[in-house]
Amino acid sequence: MRKTNVFISYARRDKQWAEWLRERLVKHGFRIWTDSTSVPAGESFIAELNRTIEKSDVVLVLLSPSYFQSTWCQQETAAAAASKVPIIPVLVEPCEVQGFLRNYNWADLTSDRDSGLRAVIQAAEHLPAQPLA
């Protein structure tokens with residue numbers, strides 16, 4: 001059985017959104033990676049981050065003012081783009097979308113969470129899944 005491997009990239013201030021999405025996506029059969037639940041103590045965060053992004057089927061980018069202020073978030077997005085991993089932007093707080101992400105259509109959780117969640121699920125389900133290790 002194959003599951004879609006999803007990496008959630010988010011700013012610390014948006015952790016509640018990452019957890020909200022993770023819970024719902026797991027119920028829909030997705031395999032989720034977030035830094036708060038997936039990096040064991042003593043592991044190199046950067047090495048694990050790069051390995052995980054490369055193995056992901058998709059990266060969800062949680063857009064907010066905090067996201068664009070975070071150097072880590074920018075590095076995660078750049079790593080996904082460099083690895084040619086599909087990116088699904090998800091608006092969690094109104095903001096000016098910056099950089100190459102302006103060229104993407106995004107799912108909007110700010111006006112209608114259910115509709116935004118459906119948009120994320122539909123987009124992620126239409127991507128080819130990696131086999132589970």
# chains A, B, ... in the order shown; residues from 1 in each chain; ligands from 1
call {"tool": "residues_around", "arguments": {"residues": "A:Glu93", "least_positions_apart": "3", "cutoff": "7 Å", "atoms": "only C-alpha atoms", "output": "PyMOL selection string"}}
result
chain A and resi 63-64+110
call {"tool": "write_last_selection", "arguments": {"atoms": "N, CA and C atoms", "output": "short mmCIF file (atom, residue, chain, number, x, y, z; two decimals), in the first residue's frame"}}
result
data_model
loop_
_atom_site.label_atom_id
_atom_site.label_comp_id
_atom_site.auth_asym_id
_atom_site.auth_seq_id
_atom_site.Cartn_x
_atom_site.Cartn_y
_atom_site.Cartn_z
N LEU A 63 1.55 29.55 4.64
CA LEU A 63 1.83 30.96 4.39
C LEU A 63 1.25 31.87 5.47
N SER A 64 2.12 32.74 5.98
CA SER A 64 1.74 33.74 6.98
C SER A 64 2.85 34.78 7.00
N THR A 110 -8.05 30.60 5.70
CA THR A 110 -8.45 31.77 6.49
C THR A 110 -9.94 32.09 6.37
#
call {"tool": "residues_around", "arguments": {"residues": "A:Ser83", "least_positions_apart": "5", "cutoff": "9 Å", "atoms": "only C-alpha atoms", "output": "list in words"}}
result
Ile53, Glu54 and Ala78 of chain A
call {"tool": "closest_residue", "arguments": {"among": "A:Leu21, A:Thr71, A:Glu48, A:Ala41", "to": "A:Leu91", "atoms": "only C-alpha atoms"}}
result
A:Leu21
call {"tool": "select_by_dssp", "arguments": {"residues": "chain A", "states": "helix (DSSP H, G or I)", "output": "PyMOL selection string"}}
result
chain A and resi 12-27+35-38+45-55+65-69+71-82+99-103+113-125
call {"tool": "write_last_selection", "arguments": {"atoms": "C-alpha atoms", "output": "JSON list (two decimals), in the first residue's frame"}}
result
[["chain", "number", "residue", "atom", "x", "y", "z"],
["A", 12, "ARG", "CA", 6.86, 28.43, 14.89],
["A", 13, "ARG", "CA", 4.02, 30.92, 15.43],
["A", 14, "ASP", "CA", 1.89, 28.78, 13.10],
["A", 15, "LYS", "CA", 2.48, 25.50, 14.92],
["A", 16, "GLN", "CA", -1.23, 25.16, 15.78],
["A", 17, "TRP", "CA", -2.06, 25.23, 12.05],
["A", 18, "ALA", "CA", 0.58, 22.58, 11.32],
["A", 19, "GLU", "CA", -0.89, 20.35, 14.04],
["A", 20, "TRP", "CA", -4.45, 20.99, 12.82],
["A", 21, "LEU", "CA", -3.50, 20.00, 9.28],
["A", 22, "ARG", "CA", -1.43, 17.01, 10.40],
["A", 23, "GLU", "CA", -4.33, 15.56, 12.41],
["A", 24, "ARG", "CA", -6.76, 15.87, 9.51],
["A", 25, "LEU", "CA", -4.39, 14.64, 6.82],
["A", 26, "VAL", "CA", -3.43, 11.56, 8.85],
["A", 27, "LYS", "CA", -7.16, 10.70, 9.07],
["A", 35, "ASP", "CA", 9.86, 18.86, 12.82],
["A", 36, "SER", "CA", 8.05, 18.72, 16.16],
["A", 37, "THR", "CA", 6.95, 15.09, 15.76],
["A", 38, "SER", "CA", 9.58, 13.50, 13.54],
["A", 45, "PHE", "CA", 18.06, 18.48, 12.37],
["A", 46, "ILE", "CA", 19.49, 19.81, 9.09],
["A", 47, "ALA", "CA", 20.47, 16.38, 7.75],
["A", 48, "GLU", "CA", 17.06, 14.92, 8.66],
["A", 49, "LEU", "CA", 15.30, 17.91, 7.14],
["A", 50, "ASN", "CA", 17.09, 17.56, 3.81],
["A", 51, "ARG", "CA", 16.57, 13.76, 3.68],
["A", 52, "THR", "CA", 12.90, 14.14, 4.46],
["A", 53, "ILE", "CA", 12.24, 16.87, 1.90],
["A", 54, "GLU", "CA", 13.93, 14.79, -0.80],
["A", 55, "LYS", "CA", 11.78, 11.75, 0.10],
["A", 65, "PRO", "CA", 3.71, 36.89, 7.77],
["A", 66, "SER", "CA", 5.80, 34.76, 10.16],
["A", 67, "TYR", "CA", 6.63, 32.29, 7.38],
["A", 68, "PHE", "CA", 8.21, 34.99, 5.25],
["A", 69, "GLN", "CA", 10.19, 36.31, 8.23],
["A", 71, "THR", "CA", 15.06, 32.00, 7.48],
["A", 72, "TRP", "CA", 14.39, 28.31, 8.21],
["A", 73, "CYS", "CA", 11.12, 28.39, 6.30],
["A", 74, "GLN", "CA", 12.78, 30.02, 3.32],
["A", 75, "GLN", "CA", 15.48, 27.32, 3.37],
["A", 76, "GLU", "CA", 12.86, 24.56, 3.47],
["A", 77, "THR", "CA", 11.01, 26.03, 0.51],
["A", 78, "ALA", "CA", 14.25, 26.45, -1.43],
["A", 79, "ALA", "CA", 15.24, 22.83, -0.66],
["A", 80, "ALA", "CA", 11.87, 21.58, -1.92],
["A", 81, "ALA", "CA", 12.17, 23.62, -5.12],
["A", 82, "ALA", "CA", 15.78, 22.48, -5.68],
["A", 99, "GLY", "CA", 9.16, 35.22, -4.01],
["A", 100, "PHE", "CA", 8.36, 32.44, -6.44],
["A", 101, "LEU", "CA", 5.40, 31.36, -4.27],
["A", 102, "ARG", "CA", 3.46, 34.32, -5.77],
["A", 103, "ASN", "CA", 3.20, 32.22, -8.93],
["A", 113, "ARG", "CA", -11.24, 25.85, 6.75],
["A", 114, "ASP", "CA", -13.24, 22.94, 5.34],
["A", 115, "SER", "CA", -12.99, 24.19, 1.77],
["A", 116, "GLY", "CA", -9.28, 24.91, 2.20],
["A", 117, "LEU", "CA", -8.67, 21.46, 3.65],
["A", 118, "ARG", "CA", -10.51, 19.86, 0.71],
["A", 119, "ALA", "CA", -8.32, 21.83, -1.69],
["A", 120, "VAL", "CA", -5.15, 20.58, 0.05],
["A", 121, "ILE", "CA", -6.35, 16.97, 0.04],
["A", 122, "GLN", "CA", -7.40, 17.07, -3.61],
["A", 123, "ALA", "CA", -4.09, 18.60, -4.69],
["A", 124, "ALA", "CA", -2.02, 16.11, -2.66],
["A", 125, "GLU", "CA", -4.04, 13.11, -3.85]]
call {"tool": "select_by_dssp", "arguments": {"residues": "chain A", "states": "strand (DSSP E or B)", "output": "PyMOL selection string"}}
result
chain A and resi 5-9+31-33+58-63+87-91+107-108
call {"tool": "write_last_selection", "arguments": {"atoms": "C-alpha atoms", "output": "short mmCIF file (atom, residue, chain, number, x, y, z; two decimals), in the first residue's frame"}}
result
data_model
loop_
_atom_site.label_atom_id
_atom_site.label_comp_id
_atom_site.auth_asym_id
_atom_site.auth_seq_id
_atom_site.Cartn_x
_atom_site.Cartn_y
_atom_site.Cartn_z
CA ASN A 5 4.48 11.52 2.11
CA VAL A 6 3.77 15.11 3.17
CA PHE A 7 6.30 17.53 4.65
CA ILE A 8 4.71 20.50 6.44
CA SER A 9 6.86 23.64 6.42
CA ARG A 31 1.99 10.15 6.01
CA ILE A 32 3.03 13.44 7.66
CA TRP A 33 6.42 14.83 8.66
CA VAL A 58 4.77 17.14 -1.55
CA VAL A 59 5.67 20.04 0.72
CA LEU A 60 2.85 22.03 2.28
CA VAL A 61 4.01 25.61 2.87
CA LEU A 62 1.91 27.35 5.54
CA LEU A 63 1.83 30.96 4.39
CA ILE A 87 4.82 22.56 -3.31
CA ILE A 88 1.27 23.30 -2.18
CA PRO A 89 1.03 26.72 -0.51
CA VAL A 90 -1.62 26.96 2.21
CA LEU A 91 -2.69 30.40 3.45
CA ALA A 107 -5.39 26.69 -0.57
CA ASP A 108 -7.01 29.24 1.77
#
call {"tool": "closest_residue", "arguments": {"among": "A:Gly42, A:Thr34, A:Pro94, A:Lys84", "to": "A:Asp57", "atoms": "only C-alpha atoms"}}
result
A:Lys84
call {"tool": "closest_residue", "arguments": {"among": "A:Lys3, A:Tyr104, A:Ser70, A:Ser56", "to": "A:Gly29", "atoms": "only C-alpha atoms"}}
result
A:Lys3
